[in-house]
>>> print(open('data.txt').read())   # compact mmCIF, C-alpha atoms
# COMPACT_ATOMS: atom_id res chain seq x y z
CA MET A 1 19.92 -34.45 78.35
CA ARG A 2 20.35 -37.41 80.78
CA ASP A 3 17.32 -39.06 82.40
CA THR A 4 17.66 -37.76 85.98
CA ARG A 5 15.22 -36.67 88.67
CA GLU A 6 15.89 -32.98 87.91
CA SER A 7 15.26 -33.43 84.19
CA ARG A 8 11.95 -35.14 84.82
CA LEU A 9 10.82 -32.31 87.12
CA LEU A 10 11.83 -29.73 84.40
CA LEU A 11 9.85 -31.61 81.75
CA VAL A 12 6.75 -31.74 83.94
CA LEU A 13 7.08 -28.02 84.66
CA LEU A 14 7.36 -27.11 80.92
CA ILE A 15 4.31 -29.23 80.08
CA ALA A 16 2.30 -27.52 82.80
CA ILE A 17 3.32 -24.07 81.51
CA ALA A 18 2.34 -25.06 77.94
CA PHE A 19 -1.10 -26.23 79.01
CA ALA A 20 -1.56 -23.03 81.00
CA LEU A 21 -0.71 -20.87 77.97
CA ILE A 22 -3.07 -22.87 75.76
CA THR A 23 -5.87 -22.46 78.30
CA VAL A 24 -5.28 -18.70 78.54
CA ASP A 25 -5.21 -18.36 74.71
CA ILE A 26 -8.47 -20.30 74.26
CA ARG A 27 -10.32 -18.44 76.98
CA GLY A 28 -9.12 -15.06 75.73
CA GLY A 29 -10.63 -15.53 72.27
CA GLU A 30 -9.95 -12.52 70.01
CA GLN A 31 -8.57 -10.61 73.01
CA SER A 32 -6.02 -13.32 73.78
CA PRO A 33 -2.75 -12.01 75.23
CA MET A 34 -0.97 -14.44 72.90
CA ASP A 35 -2.29 -12.74 69.76
CA GLY A 36 0.47 -10.11 69.67
CA PRO A 37 3.38 -12.58 69.84
CA ARG A 38 1.64 -14.84 67.32
CA GLN A 39 1.29 -11.97 64.80
CA ALA A 40 4.91 -11.00 65.31
CA ALA A 41 5.97 -14.53 64.59
CA ALA A 42 3.76 -14.67 61.52
CA SER A 43 5.27 -11.44 60.20
CA ALA A 44 8.78 -12.70 60.75
CA PHE A 45 8.44 -16.20 59.43
CA GLY A 46 5.53 -15.87 56.97
CA PRO A 47 7.53 -14.68 53.91
CA VAL A 48 10.12 -17.36 54.50
CA GLU A 49 7.45 -20.02 54.68
CA LYS A 50 5.78 -18.76 51.49
CA GLY A 51 9.07 -18.74 49.61
CA VAL A 52 10.00 -22.21 50.77
CA ALA A 53 6.53 -23.54 49.98
CA SER A 54 6.67 -22.08 46.46
CA ALA A 55 10.08 -23.57 45.87
CA VAL A 56 9.27 -27.06 47.11
CA ASP A 57 5.66 -27.31 45.88
CA PRO A 58 5.61 -27.55 42.04
CA VAL A 59 2.05 -28.81 42.07
CA GLY A 60 0.92 -25.73 43.93
CA ASN A 61 2.85 -23.52 41.50
CA ALA A 62 1.22 -25.23 38.54
CA ILE A 63 -2.26 -24.79 39.97
CA SER A 64 -1.54 -21.12 40.66
CA ALA A 65 -0.26 -20.64 37.11
CA VAL A 66 -3.37 -22.27 35.66
CA ARG A 67 -5.57 -20.12 37.87
CA ASP A 68 -3.82 -16.90 36.72
CA SER A 69 -3.45 -17.91 33.07
CA GLY A 70 -7.07 -17.13 32.33
CA GLY A 71 -6.56 -13.49 33.21
CA ARG A 72 -3.28 -13.25 31.33
CA HIS A 73 -4.76 -14.98 28.28
CA SER A 74 -7.74 -12.64 28.18
CA THR A 75 -5.42 -9.62 28.46
CA ILE A 76 -3.23 -10.88 25.61
CA SER A 77 -6.30 -11.64 23.49
CA ARG A 78 -7.70 -8.19 24.17
CA LEU A 79 -4.43 -6.51 23.21
CA GLU A 80 -4.12 -8.60 20.04
CA ARG A 81 -7.71 -7.73 19.09
CA GLU A 82 -7.14 -4.02 19.69
CA ASN A 83 -3.92 -4.18 17.66
CA ALA A 84 -5.71 -5.87 14.75
CA GLU A 85 -8.50 -3.28 14.87
CA LEU A 86 -5.95 -0.46 14.86
CA LYS A 87 -4.14 -1.94 11.86
CA GLN A 88 -7.46 -2.32 10.05
CA GLN A 89 -8.35 1.30 10.74
CA LEU A 90 -4.96 2.50 9.51
CA GLY A 91 -5.23 0.29 6.42
CA SER A 92 -8.73 1.55 5.72
CA LYS A 93 -7.55 5.14 5.94
CA ASP A 94 -4.69 4.42 3.51
CA ILE A 95 -7.08 2.72 1.08
CA THR A 96 -9.55 5.59 1.38
CA ARG A 97 -6.82 8.12 0.69
CA ASN A 98 -5.63 6.15 -2.35
CA LYS A 99 -9.15 5.88 -3.74
CA ALA A 100 -9.75 9.58 -3.20
CA ARG A 101 -6.49 10.42 -4.97
CA GLU A 102 -7.32 8.14 -7.94
CA LEU A 103 -10.84 9.55 -8.20
CA ASP A 104 -9.53 13.10 -8.12
CA GLN A 105 -7.02 12.32 -10.87
CA LEU A 106 -9.73 10.59 -12.93
CA LEU A 107 -12.04 13.60 -12.68
CA LYS A 108 -9.23 15.94 -13.74
CA THR A 109 -8.45 13.78 -16.79
CA ALA A 110 -12.12 13.55 -17.74
CA GLY A 111 -12.50 17.32 -17.32
CA ALA A 112 -9.47 18.04 -19.51
CA GLY A 113 -10.86 15.85 -22.30
CA GLN A 114 -14.50 16.87 -21.76
CA TYR A 115 -15.45 13.22 -21.31
CA ALA A 116 -18.73 12.35 -19.59
CA ILE A 117 -17.84 9.32 -17.50
CA LYS A 118 -19.44 6.73 -15.24
CA GLY A 119 -17.13 5.94 -12.34
CA ALA A 120 -16.55 2.29 -11.50
CA GLN A 121 -14.29 0.06 -9.48
CA ILE A 122 -12.41 -3.10 -10.46
CA ILE A 123 -14.03 -6.03 -8.65
CA ALA A 124 -12.43 -8.99 -10.47
CA ILE A 125 -9.43 -9.75 -12.66
CA GLY A 126 -9.33 -12.13 -15.58
CA ALA A 127 -12.84 -13.07 -16.61
CA ALA A 128 -13.51 -16.45 -18.18
CA GLN A 129 -12.27 -15.50 -21.64
CA GLY A 130 -9.23 -17.76 -21.74
CA PHE A 131 -5.95 -15.96 -21.18
CA SER A 132 -7.18 -12.49 -22.11
CA TRP A 133 -6.17 -9.47 -20.08
CA THR A 134 -9.58 -8.49 -18.75
CA VAL A 135 -11.16 -7.03 -15.63
CA THR A 136 -14.70 -6.83 -14.31
CA ILE A 137 -16.11 -3.50 -13.12
CA ASP A 138 -19.11 -2.83 -10.89
CA ALA A 139 -21.09 -0.86 -13.48
CA GLY A 140 -23.43 -2.22 -16.15
CA SER A 141 -26.38 -1.44 -18.37
CA ALA A 142 -28.35 -0.10 -15.41
CA ASP A 143 -25.66 2.57 -15.10
CA GLY A 144 -25.71 3.54 -18.78
CA VAL A 145 -22.69 1.43 -19.78
CA LEU A 146 -22.73 0.06 -23.34
CA ARG A 147 -20.54 -2.29 -25.31
CA ASP A 148 -17.53 -0.75 -27.10
CA GLN A 149 -17.15 2.26 -24.83
CA THR A 150 -13.75 3.66 -23.87
CA VAL A 151 -12.47 3.00 -20.34
CA ILE A 152 -9.96 5.40 -18.77
CA ASN A 153 -8.43 6.24 -15.43
CA GLY A 154 -6.47 9.23 -14.20
CA GLU A 155 -3.36 8.11 -16.11
CA GLY A 156 -4.86 7.39 -19.52
CA LEU A 157 -6.29 4.59 -21.66
CA VAL A 158 -7.35 1.47 -19.72
CA GLY A 159 -9.28 -0.45 -22.41
CA ARG A 160 -12.75 -0.88 -23.88
CA VAL A 161 -15.97 -2.51 -22.73
CA THR A 162 -16.59 -5.90 -24.37
CA THR A 163 -19.46 -7.44 -22.37
CA VAL A 164 -22.22 -5.68 -20.44
CA GLY A 165 -24.50 -7.12 -17.77
CA PRO A 166 -27.16 -5.40 -15.68
CA SER A 167 -24.74 -4.40 -12.91
CA THR A 168 -21.27 -5.44 -14.10
CA SER A 169 -19.20 -5.23 -17.29
CA THR A 170 -16.07 -6.82 -18.71
CA VAL A 171 -13.24 -4.60 -19.93
CA LEU A 172 -10.55 -5.74 -22.37
CA LEU A 173 -7.34 -4.07 -21.24
CA ALA A 174 -5.15 -2.12 -23.65
CA ASN A 175 -2.18 -4.45 -23.05
CA ASP A 176 -4.09 -7.49 -24.35
CA PRO A 177 -2.62 -8.94 -27.61
CA ASP A 178 -6.09 -8.72 -29.21
CA PHE A 179 -6.39 -5.02 -28.36
CA THR A 180 -5.75 -2.44 -31.11
CA VAL A 181 -6.33 1.30 -31.01
CA GLY A 182 -5.61 4.11 -33.45
CA THR A 183 -3.03 6.60 -32.19
CA ARG A 184 -1.72 10.03 -33.06
CA MET A 185 1.75 11.32 -32.21
CA GLU A 186 1.94 14.50 -30.17
CA GLY A 187 3.08 17.49 -32.21
CA SER A 188 3.77 15.74 -35.53
CA MET A 189 0.23 14.25 -35.70
CA GLU A 190 1.67 11.04 -37.21
CA LEU A 191 -0.95 8.29 -37.20
CA GLY A 192 -0.49 4.68 -36.22
CA PHE A 193 -2.02 1.61 -34.61
CA ALA A 194 -1.08 0.40 -31.12
CA THR A 195 -1.34 -3.25 -30.16
CA GLY A 196 -1.03 -4.75 -26.67
CA GLN A 197 1.82 -7.09 -25.83
CA GLY A 198 0.96 -8.25 -22.31
CA ASP A 199 3.49 -7.11 -19.75
CA ARG A 200 5.75 -5.67 -22.47
CA PRO A 201 5.45 -2.19 -24.07
CA MET A 202 2.74 -1.72 -26.68
CA ARG A 203 3.75 -2.10 -30.31
CA VAL A 204 2.82 0.92 -32.42
CA GLN A 205 3.03 0.78 -36.21
CA LEU A 206 3.26 4.26 -37.69
CA LEU A 207 1.72 4.64 -41.13
CA ASN A 208 4.58 6.85 -42.33
CA GLY A 209 7.77 4.83 -42.67
CA LYS A 210 9.82 8.03 -42.72
CA ALA A 211 8.15 9.60 -39.69
CA LYS A 212 10.54 11.44 -37.44
CA VAL A 213 10.22 9.95 -33.97
CA LYS A 214 12.43 9.84 -30.92
CA LYS A 215 12.36 8.35 -27.43
CA GLY A 216 10.04 10.22 -25.12
CA ASP A 217 7.55 11.18 -27.83
CA ARG A 218 3.98 10.79 -26.59
CA LEU A 219 0.85 9.34 -28.16
CA VAL A 220 -2.91 9.78 -27.68
CA THR A 221 -5.92 7.97 -29.12
CA PHE A 222 -6.96 9.06 -32.60
CA GLY A 223 -10.64 8.36 -31.94
CA SER A 224 -13.34 6.40 -33.73
CA GLN A 225 -16.49 7.35 -35.57
CA ALA A 226 -19.14 8.48 -33.07
CA GLY A 227 -16.58 7.87 -30.31
CA LYS A 228 -16.98 4.08 -30.28
CA PRO A 229 -14.99 2.18 -29.32
CA PHE A 230 -12.52 5.02 -28.69
CA VAL A 231 -12.86 8.70 -27.99
CA PRO A 232 -10.02 10.99 -29.16
CA GLY A 233 -7.26 12.52 -27.06
CA VAL A 234 -6.86 9.86 -24.35
CA PRO A 235 -3.17 9.50 -23.33
CA VAL A 236 -1.75 6.15 -24.45
CA GLY A 237 1.97 6.22 -23.58
CA ARG A 238 5.44 7.35 -24.54
CA VAL A 239 8.01 5.94 -26.96
CA VAL A 240 10.73 3.89 -25.28
CA ALA A 241 12.30 2.16 -28.32
CA ILE A 242 12.38 2.54 -32.10
CA ASP A 243 12.65 -0.52 -34.31
CA PRO A 244 14.88 -0.31 -37.43
CA SER A 245 12.77 0.61 -40.45
CA ALA A 246 14.91 -1.17 -43.09
CA GLY A 247 13.14 0.62 -45.92
CA SER A 248 9.62 -0.51 -44.93
CA LEU A 249 6.56 1.48 -45.76
CA THR A 250 5.70 1.71 -42.06
CA ARG A 251 7.72 2.34 -38.92
CA THR A 252 7.39 0.46 -35.65
CA VAL A 253 8.02 1.88 -32.17
CA GLN A 254 7.64 0.46 -28.66
CA VAL A 255 5.43 2.51 -26.36
CA GLU A 256 5.30 2.24 -22.57
CA PRO A 257 1.64 2.73 -21.49
CA TYR A 258 0.83 5.40 -18.95
CA VAL A 259 -1.55 3.04 -17.16
CA GLY A 260 -0.22 0.48 -14.71
CA PHE A 261 -2.44 -2.49 -15.54
CA SER A 262 -1.34 -4.49 -12.50
CA ARG A 263 -2.60 -1.84 -10.04
CA LEU A 264 -5.96 -0.78 -11.46
CA ASP A 265 -8.71 0.21 -9.04
CA ILE A 266 -10.86 3.25 -9.90
CA VAL A 267 -11.78 3.68 -13.60
CA GLY A 268 -14.25 5.65 -15.66
CA VAL A 269 -16.37 4.48 -18.58
CA VAL A 270 -16.76 7.27 -21.14
CA VAL A 271 -20.51 7.31 -21.74
CA GLU A 272 -20.34 10.46 -23.87
CA GLY A 273 -17.40 11.71 -25.91
CA PRO A 274 -16.18 15.29 -26.28
CA ARG A 275 -17.80 17.71 -28.69
CA THR A 276 -14.41 18.65 -30.15
CA ASP A 277 -11.17 16.70 -30.36
CA PRO A 278 -9.07 17.64 -27.31
CA ARG A 279 -5.91 16.85 -29.31
CA ASP A 280 -2.97 16.80 -26.88
CA SER A 281 -4.58 18.78 -24.03
CA VAL A 282 -5.21 15.70 -21.88
CA LEU A 283 -1.54 14.69 -21.85
CA PRO A 284 0.21 15.37 -18.54
CA PRO A 285 2.62 18.32 -18.45
CA LYS A 286 6.07 17.51 -19.71
CA PRO A 287 8.71 17.28 -16.98
CA THR A 288 10.84 20.39 -16.92
CA PRO A 289 14.61 19.84 -16.93
CA SER A 290 16.33 20.84 -13.74
CA PRO A 291 18.19 24.15 -14.10
CA THR A 292 21.95 23.79 -14.36
CA ALA A 293 24.46 26.41 -13.35
CA ALA A 294 25.91 28.20 -16.34
CA LYS A 295 29.61 27.75 -16.67
CA VAL A 296 31.43 31.08 -16.68
CA ALA A 297 34.56 31.12 -18.84
CA PRO A 298 37.63 32.60 -17.13
CA PRO A 299 38.75 35.96 -18.53
CA ALA A 300 41.46 35.83 -21.21
CA ARG A 301 44.93 36.40 -19.83
CA LYS A 302 46.66 39.46 -21.15
CA PRO A 303 50.16 39.05 -22.65
CA GLY A 304 52.84 39.55 -20.05
CA ALA A 305 50.43 39.21 -17.12
CA THR A 306 50.70 36.74 -14.26
CA PRO A 307 47.76 34.49 -13.35
CA SER A 308 46.79 37.05 -10.69
CA GLY A 309 46.68 39.78 -13.31
CA ALA A 310 49.81 41.62 -12.14
CA PRO A 311 52.24 42.55 -14.93
CA THR A 312 55.51 40.68 -15.02
CA THR A 313 58.83 42.50 -14.55
CA ARG A 314 62.19 41.68 -15.96
CA SER A 315 65.39 42.14 -14.06
>>> encode(input="data.txt", output="structure tokens")
Amino acid sequence: MRDTRESRLLLVLLIAIAFALITVDIRGGEQSPMDGPRQAAASAFGPVEKGVASAVDPVGNAISAVRDSGGRHSTISRLERENAELKQQLGSKDITRNKARELDQLLKTAGAGQYAIKGAQIIAIGAAQGFSWTVTIDAGSADGVLRDQTVINGEGLVGRVTTVGPSTSTVLLANDPDFTVGTRMEGSMELGFATGQGDRPMRVQLLNGKAKVKKGDRLVTFGSQAGKPFVPGVPVGRVVAIDPSAGSLTRTVQVEPYVGFSRLDIVGVVVEGPRTDPRDSVLPPKPTPSPTAAKVAPPARKPGATPSGAPTTRS
């Protein structure tokens, strides 16, 4: 616009109108006639201004993020805590179910052998007796536990008590190389001695070098005088290998123990043995072979008959 007399008059007029509008707006207060247009303008241009300000103001964005991070962090922490509590509850339920199942199996085994037991739990592995296979249980002399008592679980022979304290005891496991127990073969009644071999099958030396034995044969404890250190009839394991006899007076077999020594938890100390030898009654039932369909032989073909059974004709 050029600097002319008309342009100067227009500028003065616009300034006067602006001052008049400002005066009207101030005097009107909350009832100002300019409030409606101002709100319309704010509604139209406000979102654009906010978007532009957020895009061009990284400092403001950072402050806003820091301000909101406290709420987000507490929400994440709360969710993580609830998740951990839920996992702990589920884990506790699984552990409780496992313990209940082991205890139930232990009571059934003790009932089958008529063993009076004191239930206990493994609380430590590998006492300070060198490299022996031992565990510590949470039962001691105050619970009626004595040295040289048989220790079992729901699967069979666990070991024997070697050291007794007021509230805890040490058990030498049956797979320890220093562990030996008298055994009796199921059915044939062949006697022998089983020795632990660590994480390998137990080594059983049968007294009869000509004893008939095969894989799958099962053994139980023979028992000791007055039931110490071993009561009779406790399942030991099953034969998995037979060593060549080579004319020896004895025969050696390898026996896989029933007990999983790496996953022991609930055990029972036999504080009183059975009145009578349970023999093989404590052994678990033998697995029954799955029934197989009997093969039906095809009927014999008559002379002069076709495969369909129709007689042949000659032309």
>>> closest_residue(input="data.txt", among="A:Phe179, A:Leu264, A:Arg238, A:Gly140", to="Gly159 in chain A", atoms="all atoms listed in the file")
A:Phe179
>>> atom_distance(input="data.txt", atom1="CA of Met189 in chain A", atom2="CA of Ser248 in chain A")
19.8 Å
>>> atom_distance(input="data.txt", atom1="CA of Ala226 in chain A", atom2="CA of Asp176 in chain A")
23.6 Å
>>> residues_around(input="data.txt", residues="Trp133 in chain A", least_positions_apart="2", cutoff="10 Å", atoms="only C-alpha atoms", output="PyMOL selection string")
chain A and resi 125-127+129-131+135+159+171-179+196+198-199+261
>>> atom_distance(input="data.txt", atom1="CA of Gly182 in chain A", atom2="CA of Thr288 in chain A")
28.4 Å
